file final.cif (mmCIF, C-alpha atoms)
data_upload
loop_
_atom_site.label_atom_id
_atom_site.label_comp_id
_atom_site.auth_asym_id
_atom_site.auth_seq_id
_atom_site.Cartn_x
_atom_site.Cartn_y
_atom_site.Cartn_z
CA MET T 16 -3.82 12.50 12.93
CA THR T 17 -2.72 16.04 13.58
CA HIS T 18 -0.07 15.29 16.19
CA PRO T 19 3.16 13.36 15.58
CA PHE T 20 3.35 9.83 16.95
CA VAL T 21 4.59 9.64 20.53
CA PRO T 22 7.78 7.54 20.46
CA LEU T 23 7.46 4.17 22.16
CA SER T 24 9.79 2.66 24.72
CA SER T 25 11.97 -0.21 23.59
CA ASP T 26 9.67 -2.74 25.31
CA GLU T 27 6.51 -1.22 23.80
CA ALA T 28 8.04 -1.12 20.31
CA THR T 29 9.21 -4.71 20.58
CA ALA T 30 5.73 -5.86 21.63
CA ILE T 31 4.20 -4.23 18.53
CA ALA T 32 6.90 -5.64 16.26
CA GLN T 33 6.13 -9.12 17.59
CA ARG T 34 2.48 -8.82 16.52
CA LEU T 35 3.42 -8.56 12.85
CA LYS T 36 3.82 -11.54 10.54
CA TYR T 37 6.99 -11.38 8.50
CA ASN T 38 7.56 -13.27 5.26
CA ALA T 39 10.23 -15.92 4.67
CA ASP T 40 12.81 -13.13 4.31
CA GLY T 41 11.76 -11.62 7.64
CA LEU T 42 10.05 -8.65 5.97
CA VAL T 43 6.65 -7.00 5.95
CA PRO T 44 5.46 -4.51 3.29
CA ALA T 45 4.84 -0.98 4.59
CA ILE T 46 2.71 1.64 2.86
CA ALA T 47 3.41 5.31 3.60
CA GLN T 48 0.45 7.67 3.26
CA GLN T 49 0.57 11.45 3.68
CA HIS T 50 -1.53 11.92 6.81
CA ASP T 51 -3.55 14.97 5.77
CA SER T 52 -4.02 14.66 2.01
CA GLY T 53 -4.36 10.86 1.85
CA GLU T 54 -1.79 10.69 -0.97
CA ILE T 55 -0.02 7.32 -1.11
CA LEU T 56 3.65 8.18 -1.12
CA MET T 57 5.47 4.86 -1.44
CA MET T 58 5.60 1.21 -0.48
CA ALA T 59 8.75 -0.35 0.94
CA TRP T 60 9.72 -3.16 3.32
CA MET T 61 10.52 -3.40 7.02
CA ASN T 62 12.12 -6.07 9.15
CA ALA T 63 11.42 -6.27 12.88
CA THR T 64 14.39 -4.03 13.64
CA ALA T 65 13.08 -1.36 11.25
CA VAL T 66 9.65 -1.56 12.91
CA ILE T 67 11.20 -1.05 16.34
CA GLU T 68 13.41 1.79 15.07
CA THR T 69 10.36 3.48 13.47
CA LEU T 70 8.23 3.20 16.61
CA SER T 71 11.06 4.29 18.91
CA SER T 72 12.12 7.30 16.83
CA ALA T 73 8.74 8.31 15.32
CA ARG T 74 10.44 8.53 11.94
CA ALA T 75 9.94 6.01 9.14
CA CYS T 76 12.75 3.48 8.89
CA TYR T 77 12.64 0.72 6.27
CA TYR T 78 14.85 -2.22 5.34
CA SER T 79 16.58 -1.79 2.00
CA ARG T 80 16.55 -5.11 0.17
CA SER T 81 19.08 -3.90 -2.42
CA ARG T 82 21.53 -2.59 0.19
CA ALA T 83 20.63 -5.28 2.76
CA LYS T 84 20.55 -2.83 5.66
CA LEU T 85 18.31 -0.48 7.59
CA TRP T 86 17.18 2.52 5.58
CA ARG T 87 16.37 5.55 7.71
CA LYS T 88 14.26 7.38 5.16
CA GLY T 89 15.80 10.76 4.38
CA GLU T 90 19.15 10.14 6.07
CA SER T 91 21.00 10.96 2.85
CA SER T 92 18.35 13.03 1.00
CA GLY T 93 16.90 14.94 3.94
CA GLN T 94 13.39 13.90 2.81
CA VAL T 95 12.35 12.45 6.16
CA GLN T 96 8.95 11.02 7.06
CA THR T 97 7.66 12.04 10.49
CA LEU T 98 5.42 9.28 11.83
CA MET T 99 1.86 10.33 12.67
CA ASP T 100 0.20 6.92 13.07
CA PHE T 101 1.22 3.27 12.79
CA ARG T 102 -1.40 0.70 11.72
CA TRP T 103 -1.49 -2.86 10.40
CA ASP T 104 -4.03 -4.99 8.66
CA CYS T 105 -6.35 -7.87 9.54
CA ASP T 106 -3.72 -10.49 8.71
CA ALA T 107 -0.93 -8.50 10.43
CA ASP T 108 1.16 -8.90 7.28
CA THR T 109 1.01 -5.32 5.94
CA VAL T 110 1.82 -2.04 7.70
CA LEU T 111 0.23 1.34 6.99
CA MET T 112 2.07 4.40 8.22
CA MET T 113 0.46 7.82 8.24
CA VAL T 114 3.39 10.20 7.86
CA ASP T 115 4.26 13.81 7.25
CA GLN T 116 6.58 13.74 4.25
CA LYS T 117 9.22 16.45 4.02
CA GLY T 118 9.76 17.36 0.38
CA VAL T 119 9.40 14.35 -1.91
CA ALA T 120 9.08 10.62 -1.24
CA CYS T 121 10.40 9.25 -4.53
CA HIS T 122 14.06 8.88 -5.47
CA THR T 123 13.14 10.27 -8.92
CA GLY T 124 12.34 13.60 -7.25
CA ARG T 125 8.58 13.17 -7.59
CA ARG T 126 6.29 13.71 -4.63
CA ASN T 127 5.15 10.06 -4.68
CA CYS T 128 6.31 6.87 -6.37
CA PHE T 129 3.05 6.01 -8.15
CA PHE T 130 3.47 8.24 -11.20
CA ASN T 131 2.83 5.58 -13.85
CA ALA T 132 -0.77 5.15 -14.98
CA VAL T 133 -2.90 3.88 -17.82
CA ARG T 134 -4.14 6.68 -20.08
CA ASN T 135 -5.92 5.98 -23.37
CA GLY T 136 -4.96 2.34 -23.13
CA THR T 137 -1.23 2.88 -22.71
CA ALA T 138 1.32 3.62 -19.98
CA GLN T 139 1.84 7.30 -19.21
CA ILE T 140 3.78 9.30 -16.62
CA ILE T 141 1.32 11.48 -14.75
CA ALA T 142 3.53 13.44 -12.32
CA GLU T 143 6.38 15.90 -12.79
CA VAL T 144 9.77 15.81 -11.13
CA GLN T 145 9.73 18.40 -8.33
CA ILE T 146 13.32 18.20 -7.13
CA ASP T 147 16.35 17.26 -9.25
CA PRO T 148 17.54 13.85 -7.95
CA ASP T 149 21.14 15.11 -8.28
CA LYS T 150 20.30 17.68 -5.62
CA LEU T 151 18.74 15.05 -3.37
CA TYR T 152 21.68 12.66 -3.50
CA GLY T 153 24.52 14.87 -4.78
CA MET D 15 -10.94 10.04 -10.88
CA THR D 16 -14.68 10.49 -11.17
CA HIS D 17 -15.26 8.09 -14.06
CA PRO D 18 -14.75 4.32 -13.98
CA PHE D 19 -11.72 2.96 -15.78
CA VAL D 20 -12.35 2.20 -19.45
CA PRO D 21 -11.72 -1.54 -19.91
CA LEU D 22 -8.64 -2.36 -21.99
CA SER D 23 -8.42 -4.74 -24.91
CA SER D 24 -6.57 -8.00 -24.31
CA ASP D 25 -3.49 -6.67 -26.16
CA GLU D 26 -3.48 -3.41 -24.22
CA ALA D 27 -3.91 -5.19 -20.89
CA THR D 28 -1.11 -7.63 -21.70
CA ALA D 29 1.25 -4.77 -22.60
CA ILE D 30 0.63 -3.13 -19.22
CA ALA D 31 1.02 -6.44 -17.36
CA GLN D 32 4.40 -6.92 -19.05
CA ARG D 33 5.67 -3.61 -17.67
CA LEU D 34 5.36 -4.82 -14.08
CA LYS D 35 8.11 -6.65 -12.21
CA TYR D 36 6.85 -9.75 -10.41
CA ASN D 37 8.63 -11.40 -7.51
CA ALA D 38 10.02 -14.96 -7.49
CA ASP D 39 6.47 -16.26 -6.99
CA GLY D 40 5.22 -14.30 -10.00
CA LEU D 41 3.35 -11.78 -7.83
CA VAL D 42 3.22 -8.04 -7.31
CA PRO D 43 1.64 -6.32 -4.28
CA ALA D 44 -1.43 -4.21 -5.07
CA ILE D 45 -2.82 -1.46 -2.84
CA ALA D 46 -6.52 -0.58 -3.17
CA GLN D 47 -7.45 3.00 -2.28
CA GLN D 48 -10.98 4.43 -2.23
CA HIS D 49 -10.82 6.91 -5.10
CA ASP D 50 -12.70 9.82 -3.52
CA SER D 51 -11.90 9.65 0.20
CA GLY D 52 -8.29 8.46 -0.09
CA GLU D 53 -8.94 5.67 2.45
CA ILE D 54 -6.57 2.73 2.03
CA LEU D 55 -8.83 -0.29 1.85
CA MET D 56 -6.50 -3.29 1.60
CA MET D 57 -3.31 -4.71 0.17
CA ALA D 58 -3.28 -8.00 -1.71
CA TRP D 59 -1.31 -9.68 -4.48
CA MET D 60 -1.70 -10.03 -8.24
CA ASN D 61 -0.10 -12.26 -10.80
CA ALA D 62 0.06 -11.21 -14.47
CA THR D 63 -3.25 -12.97 -15.18
CA ALA D 64 -4.95 -11.03 -12.38
CA VAL D 65 -3.54 -7.75 -13.74
CA ILE D 66 -4.91 -8.55 -17.20
CA GLU D 67 -8.28 -9.60 -15.77
CA THR D 68 -8.47 -6.38 -13.73
CA LEU D 69 -7.62 -4.14 -16.68
CA SER D 70 -9.95 -5.99 -19.07
CA SER D 71 -12.93 -6.06 -16.71
CA ALA D 72 -12.37 -2.77 -14.82
CA ARG D 73 -12.97 -4.67 -11.59
CA ALA D 74 -10.25 -5.55 -9.10
CA CYS D 75 -9.05 -9.14 -9.41
CA TYR D 76 -6.27 -10.45 -7.15
CA TYR D 77 -4.40 -13.72 -6.79
CA SER D 78 -5.21 -15.57 -3.57
CA ARG D 79 -2.02 -17.08 -2.18
CA SER D 80 -3.94 -19.22 0.32
CA ARG D 81 -6.32 -20.62 -2.30
CA ALA D 82 -3.72 -20.53 -5.12
CA LYS D 83 -6.18 -19.13 -7.65
CA LEU D 84 -7.57 -15.91 -9.09
CA TRP D 85 -9.67 -13.96 -6.62
CA ARG D 86 -12.27 -11.77 -8.28
CA LYS D 87 -12.88 -9.45 -5.34
CA GLY D 88 -16.54 -9.63 -4.31
CA GLU D 89 -17.47 -12.71 -6.31
CA SER D 90 -18.69 -14.49 -3.19
CA SER D 91 -19.36 -11.51 -0.87
CA GLY D 92 -20.77 -9.05 -3.42
CA GLN D 93 -18.32 -6.41 -2.13
CA VAL D 94 -16.84 -5.61 -5.55
CA GLN D 95 -14.23 -2.95 -6.33
CA THR D 96 -14.94 -0.95 -9.47
CA LEU D 97 -11.63 0.19 -10.95
CA MET D 98 -11.21 3.96 -11.34
CA ASP D 99 -7.48 4.19 -12.06
CA PHE D 100 -4.54 1.79 -12.33
CA ARG D 101 -1.06 3.04 -11.38
CA TRP D 102 2.33 1.56 -10.52
CA ASP D 103 5.47 2.83 -8.86
CA CYS D 104 8.95 3.94 -9.89
CA ASP D 105 10.34 0.40 -9.64
CA ALA D 106 7.26 -1.14 -11.32
CA ASP D 107 7.04 -3.60 -8.44
CA THR D 108 3.97 -2.24 -6.63
CA VAL D 109 0.49 -1.48 -8.02
CA LEU D 110 -1.89 1.20 -6.75
CA MET D 111 -5.52 0.87 -7.74
CA MET D 112 -7.99 3.68 -7.19
CA VAL D 113 -11.31 1.90 -6.76
CA ASP D 114 -14.91 2.44 -5.77
CA GLN D 115 -15.53 -0.09 -3.00
CA LYS D 116 -19.05 -1.47 -2.66
CA GLY D 117 -19.79 -2.10 1.02
CA VAL D 118 -16.70 -3.21 2.92
CA ALA D 119 -13.23 -4.28 1.81
CA CYS D 120 -12.23 -6.43 4.79
CA HIS D 121 -13.29 -10.04 5.36
CA THR D 122 -13.90 -9.10 9.02
CA GLY D 123 -16.75 -6.86 7.87
CA ARG D 124 -14.83 -3.65 8.45
CA ARG D 125 -14.63 -0.96 5.80
CA ASN D 126 -10.85 -1.36 5.47
CA CYS D 127 -8.27 -3.88 6.64
CA PHE D 128 -6.02 -1.46 8.57
CA PHE D 129 -7.97 -1.37 11.82
CA ASN D 130 -5.08 -2.17 14.17
CA ALA D 131 -3.14 0.81 15.52
CA VAL D 132 -0.87 1.90 18.36
CA ARG D 133 -2.76 3.83 21.04
CA ASN D 134 -1.13 4.75 24.35
CA GLY D 135 1.78 2.48 23.55
CA THR D 136 -0.24 -0.66 22.90
CA ALA D 137 -2.17 -2.34 20.09
CA GLN D 138 -5.80 -1.25 19.76
CA ILE D 139 -8.61 -1.93 17.29
CA ILE D 140 -9.76 1.43 15.91
CA ALA D 141 -12.65 0.47 13.58
CA GLU D 142 -16.00 -1.20 14.13
CA VAL D 143 -17.42 -4.14 12.19
CA GLN D 144 -19.99 -2.74 9.75
CA ILE D 145 -21.36 -5.94 8.23
CA ASP D 146 -21.54 -9.33 9.97
CA PRO D 147 -19.03 -11.58 8.15
CA ASP D 148 -21.59 -14.41 8.33
CA LYS D 149 -23.84 -12.30 6.12
CA LEU D 150 -20.99 -11.63 3.68
CA TYR D 151 -20.00 -15.25 3.25
CA GLY D 152 -23.03 -17.12 4.56
#
call {"tool": "encode", "arguments": {"input": "final.cif", "output": "C-alpha cells"}}
result
Amino acid sequence: MTHPFVPLSSDEATAIAQRLKYNADGLVPAIAQQHDSGEILMMAWMNATAVIETLSSARACYYSRSRAKLWRKGESSGQVQTLMDFRWDCDADTVLMMVDQKGVACHTGRRNCFFNAVRNGTAQIIAEVQIDPDKLYG
Amino acid sequence: MTHPFVPLSSDEATAIAQRLKYNADGLVPAIAQQHDSGEILMMAWMNATAVIETLSSARACYYSRSRAKLWRKGESSGQVQTLMDFRWDCDADTVLMMVDQKGVACHTGRRNCFFNAVRNGTAQIIAEVQIDPDKLYG
C-alpha cells in the first residue's frame, strides 16, 4: 500500500457501502491503521454516508455519535487521514482502513488512541502527548 | 512485546475490567493484532467477564453475540490467541490486544478476517484460505 487510494465514483462507492452490514443505529466500526508501520491509530464509527464520502474523497470520514453528524477527520485539527486501502471483514460488519496519518490521530495529542495498557498488574499510560491539544483545536 | 502477558490475579483483572466503558449491551469491541507483524487479525466483542477471563488466563476470550456466551478463542478450532499485551483507547470504549495467533484467526480458514478490499473500483477477495474450515471445526 504505497499509493493513495484511487477515489471511487459515486456509483462505485455506493455499491461498496451496500455490501457492509450496519448495526441497529446504522453504523459500522472502522479501524484506522497506519499503512506502513502497522500502528493501530484509532477506532471510530461510520454510517453509509461516511463510507461513501471516504471512498469518494480518499480521506477518512467517520460519523460522530456524540455530535450526530459526519466527521471529516482532520477538518478542524488538520490531522487528516489519507486513505491507502479500504477493507472489510468476513462478516462485513467491521471496516479496516489503511491510512497515512498526518500528525496525530488522537484528540489527546498522542499519535494513537491506544495509550492505556496493563503494566505490573495495573493501568498505565504508555505514550506521550506529541502535540498540545489546545494547538490542535484552539 | 516479545514475552507473553503475565496473567493477572482476579482482583487485578476486575480492576482493569471496571475501567472500560461497555455499551448498552454490556459489550466493548476488541481488536486483535498479531504482536510482531502488526497484522490486524479480527475484531470481536467482550463483556466484563470475557475481559477478566482474558486477563486472568492470558488467552483471548470474547463474548459471542450469536451464541450469547463466552467464546474462548480456539477452544473448538485449536487456533488460540496467546495474549502479549492488553491496551485500551482514550475513551476506554475499545480494546486492543496484541496476541500471538496460532494458525489462522478467521473462521473461513484465512489468516485474518479482513480479506475483502476495493480493487479497480469493485469488491475483491485478497487473501487465500490457508486451512480448510472443515478441518478446523470438523
call {"tool": "interface_residues", "arguments": {"input": "final.cif", "of": "chain T", "to": "chain D", "cutoff": "7 Å", "atoms": "only C-alpha atoms", "output": "number ranges by chain"}}
result
T: 23, 27, 31, 53-54, 101-105, 128-133, 136-138
call {"tool": "atom_distance", "arguments": {"input": "final.cif", "atom1": "CA of Leu84 in chain D", "atom2": "CA of Val42 in chain D"}}
result
13.5 Å
call {"tool": "atom_distance", "arguments": {"input": "final.cif", "atom1": "CA of Gly41 in chain T", "atom2": "CA of Trp60 in chain T"}}
result
9.7 Å
call {"tool": "atom_distance", "arguments": {"input": "final.cif", "atom1": "CA of Ser79 in chain T", "atom2": "CA of Met61 in chain T"}}
result
8.0 Å
call {"tool": "residues_around", "arguments": {"input": "final.cif", "residues": "Lys116 in chain D", "least_positions_apart": "5", "cutoff": "8 Å", "atoms": "only C-alpha atoms", "output": "ChimeraX atom specification"}}
result
/D:92-96
call {"tool": "resolve_selection", "arguments": {"input": "final.cif", "expression": "the PyMOL selection byres ((chain T and resi 76) around 7)", "output": "CSV table (one decimal) with C-alpha atoms, in the frame of the given file"}}
result
chain,number,residue,atom,x,y,z
T,65,ALA,CA,13.1,-1.4,11.2
T,68,GLU,CA,13.4,1.8,15.1
T,69,THR,CA,10.4,3.5,13.5
T,74,ARG,CA,10.4,8.5,11.9
T,75,ALA,CA,9.9,6.0,9.1
T,77,TYR,CA,12.6,0.7,6.3
T,85,LEU,CA,18.3,-0.5,7.6
T,86,TRP,CA,17.2,2.5,5.6
T,87,ARG,CA,16.4,5.6,7.7
T,88,LYS,CA,14.3,7.4,5.2
call {"tool": "axis_aligned_box", "arguments": {"input": "final.cif", "around": "range 71-88 of chain T", "padding_each_side": "3 Å", "output": "lines of an AutoDock Vina configuration file"}}
result
center_x = 15.1
center_y = 1.6
center_z = 8.2
size_x = 18.8
size_y = 19.8
size_z = 27.3
call {"tool": "closest_residue", "arguments": {"input": "final.cif", "among": "D:Leu34, D:Ala46, D:Val113, D:Val143", "to": "Thr63 in chain D", "atoms": "all atoms listed in the file"}}
result
D:Leu34
call {"tool": "closest_residue", "arguments": {"input": "final.cif", "among": "D:Ala141, D:Ala38, D:Gln48, D:Pro18", "to": "Gln115 in chain D", "atoms": "all atoms listed in the file"}}
result
D:Gln48
call {"tool": "closest_residue", "arguments": {"input": "final.cif", "among": "D:Leu97, D:Lys83, D:Gly88, D:Ala31", "to": "Ala62 in chain D", "atoms": "all atoms listed in the file"}}
result
D:Ala31
call {"tool": "decode", "arguments": {"input": "final.cif", "residues": "range 18-127 of chain D", "atoms": "C-alpha atoms", "output": "mmCIF file, in the first residue's frame"}}
result
data_model
loop_
_atom_site.group_PDB
_atom_site.id
_atom_site.type_symbol
_atom_site.label_atom_id
_atom_site.label_comp_id
_atom_site.auth_asym_id
_atom_site.auth_seq_id
_atom_site.Cartn_x
_atom_site.Cartn_y
_atom_site.Cartn_z
ATOM 1 C CA PRO D 18 3.545 -13.347 26.829
ATOM 2 C CA PHE D 19 1.332 -11.318 29.123
ATOM 3 C CA VAL D 20 1.724 -12.210 32.791
ATOM 4 C CA PRO D 21 -1.702 -13.423 33.990
ATOM 5 C CA LEU D 22 -3.415 -11.092 36.458
ATOM 6 C CA SER D 23 -4.970 -12.009 39.769
ATOM 7 C CA SER D 24 -8.758 -11.927 39.951
ATOM 8 C CA ASP D 25 -8.669 -8.574 41.799
ATOM 9 C CA GLU D 26 -6.256 -7.034 39.303
ATOM 10 C CA ALA D 27 -8.272 -8.275 36.331
ATOM 11 C CA THR D 28 -11.516 -6.960 37.827
ATOM 12 C CA ALA D 29 -9.957 -3.523 38.402
ATOM 13 C CA ILE D 30 -8.954 -3.307 34.736
ATOM 14 C CA ALA D 31 -12.366 -4.541 33.562
ATOM 15 C CA GLN D 32 -14.007 -1.790 35.615
ATOM 16 C CA ARG D 33 -12.031 0.891 33.770
ATOM 17 C CA LEU D 34 -13.660 0.029 30.453
ATOM 18 C CA LYS D 35 -16.896 1.566 29.206
ATOM 19 C CA TYR D 36 -19.348 -1.018 27.897
ATOM 20 C CA ASN D 37 -22.194 -0.257 25.524
ATOM 21 C CA ALA D 38 -25.911 -0.716 26.280
ATOM 22 C CA ASP D 39 -25.480 -4.460 25.703
ATOM 23 C CA GLY D 40 -22.592 -4.613 28.175
ATOM 24 C CA LEU D 41 -20.004 -5.081 25.423
ATOM 25 C CA VAL D 42 -16.824 -3.424 24.218
ATOM 26 C CA PRO D 43 -15.227 -4.013 20.791
ATOM 27 C CA ALA D 44 -11.824 -5.717 20.894
ATOM 28 C CA ILE D 45 -9.266 -5.647 18.083
ATOM 29 C CA ALA D 46 -6.719 -8.486 17.907
ATOM 30 C CA GLN D 47 -3.377 -7.617 16.297
ATOM 31 C CA GLN D 48 -0.517 -10.047 15.664
ATOM 32 C CA HIS D 49 2.131 -8.711 18.028
ATOM 33 C CA ASP D 50 5.187 -8.995 15.775
ATOM 34 C CA SER D 51 3.905 -8.399 12.241
ATOM 35 C CA GLY D 52 1.261 -5.777 13.074
ATOM 36 C CA GLU D 53 -1.353 -7.684 11.041
ATOM 37 C CA ILE D 54 -4.905 -6.992 12.209
ATOM 38 C CA LEU D 55 -6.412 -10.415 12.729
ATOM 39 C CA MET D 56 -10.030 -9.785 13.734
ATOM 40 C CA MET D 57 -12.446 -7.643 15.681
ATOM 41 C CA ALA D 58 -14.916 -9.159 18.128
ATOM 42 C CA TRP D 59 -16.709 -8.205 21.332
ATOM 43 C CA MET D 60 -16.059 -8.700 25.042
ATOM 44 C CA ASN D 61 -18.202 -8.326 28.101
ATOM 45 C CA ALA D 62 -16.620 -7.666 31.513
ATOM 46 C CA THR D 63 -16.452 -11.411 32.227
ATOM 47 C CA ALA D 64 -14.560 -12.010 28.973
ATOM 48 C CA VAL D 65 -12.117 -9.202 29.839
ATOM 49 C CA ILE D 66 -11.455 -10.766 33.247
ATOM 50 C CA GLU D 67 -11.087 -14.238 31.728
ATOM 51 C CA THR D 68 -8.641 -12.892 29.124
ATOM 52 C CA LEU D 69 -6.510 -11.063 31.678
ATOM 53 C CA SER D 70 -6.534 -13.980 34.141
ATOM 54 C CA SER D 71 -5.686 -16.652 31.576
ATOM 55 C CA ALA D 72 -3.503 -14.609 29.172
ATOM 56 C CA ARG D 73 -5.520 -16.056 26.302
ATOM 57 C CA ALA D 74 -8.051 -14.096 24.275
ATOM 58 C CA CYS D 75 -11.635 -14.733 25.343
ATOM 59 C CA TYR D 76 -14.515 -12.926 23.627
ATOM 60 C CA TYR D 77 -18.279 -12.828 24.043
ATOM 61 C CA SER D 78 -20.154 -14.434 21.160
ATOM 62 C CA ARG D 79 -23.225 -12.354 20.368
ATOM 63 C CA SER D 80 -24.685 -15.075 18.130
ATOM 64 C CA ARG D 81 -24.249 -17.819 20.734
ATOM 65 C CA ALA D 82 -24.800 -15.473 23.715
ATOM 66 C CA LYS D 83 -21.935 -16.952 25.715
ATOM 67 C CA LEU D 84 -18.220 -16.642 26.405
ATOM 68 C CA TRP D 85 -16.068 -17.589 23.441
ATOM 69 C CA ARG D 86 -12.637 -18.829 24.425
ATOM 70 C CA LYS D 87 -10.950 -18.281 21.066
ATOM 71 C CA GLY D 88 -9.623 -21.594 19.750
ATOM 72 C CA GLU D 89 -11.430 -23.860 22.187
ATOM 73 C CA SER D 90 -13.032 -25.800 19.346
ATOM 74 C CA SER D 91 -10.628 -24.990 16.475
ATOM 75 C CA GLY D 92 -7.333 -25.049 18.386
ATOM 76 C CA GLN D 93 -6.459 -21.650 16.869
ATOM 77 C CA VAL D 94 -5.760 -19.949 20.206
ATOM 78 C CA GLN D 95 -4.523 -16.386 20.718
ATOM 79 C CA THR D 96 -1.828 -16.036 23.368
ATOM 80 C CA LEU D 97 -2.085 -12.575 24.911
ATOM 81 C CA MET D 98 1.046 -10.418 24.646
ATOM 82 C CA ASP D 99 -0.341 -7.021 25.652
ATOM 83 C CA PHE D 100 -3.720 -5.567 26.617
ATOM 84 C CA ARG D 101 -4.458 -1.914 25.778
ATOM 85 C CA TRP D 102 -7.483 0.357 25.522
ATOM 86 C CA ASP D 103 -8.184 3.716 23.953
ATOM 87 C CA CYS D 104 -8.639 7.317 25.082
ATOM 88 C CA ASP D 105 -12.387 6.859 25.606
ATOM 89 C CA ALA D 106 -11.939 3.421 27.253
ATOM 90 C CA ASP D 107 -14.547 2.049 24.867
ATOM 91 C CA THR D 108 -12.311 -0.021 22.562
ATOM 92 C CA VAL D 109 -9.757 -2.715 23.466
ATOM 93 C CA LEU D 110 -6.598 -3.543 21.514
ATOM 94 C CA MET D 111 -4.991 -6.896 22.202
ATOM 95 C CA MET D 112 -1.537 -7.736 20.924
ATOM 96 C CA VAL D 113 -1.613 -11.512 20.525
ATOM 97 C CA ASP D 114 0.320 -14.429 19.125
ATOM 98 C CA GLN D 115 -2.136 -16.194 16.821
ATOM 99 C CA LYS D 116 -1.757 -19.945 16.412
ATOM 100 C CA GLY D 117 -2.712 -20.913 12.857
ATOM 101 C CA VAL D 118 -5.489 -18.732 11.488
ATOM 102 C CA ALA D 119 -7.798 -16.181 13.094
ATOM 103 C CA CYS D 120 -10.725 -16.336 10.656
ATOM 104 C CA HIS D 121 -13.456 -18.984 10.662
ATOM 105 C CA THR D 122 -13.116 -19.094 6.854
ATOM 106 C CA GLY D 123 -9.623 -20.538 7.307
ATOM 107 C CA ARG D 124 -7.868 -17.330 6.328
ATOM 108 C CA ARG D 125 -5.106 -15.856 8.450
ATOM 109 C CA ASN D 126 -7.138 -12.722 9.191
ATOM 110 C CA CYS D 127 -10.749 -11.650 8.746
#
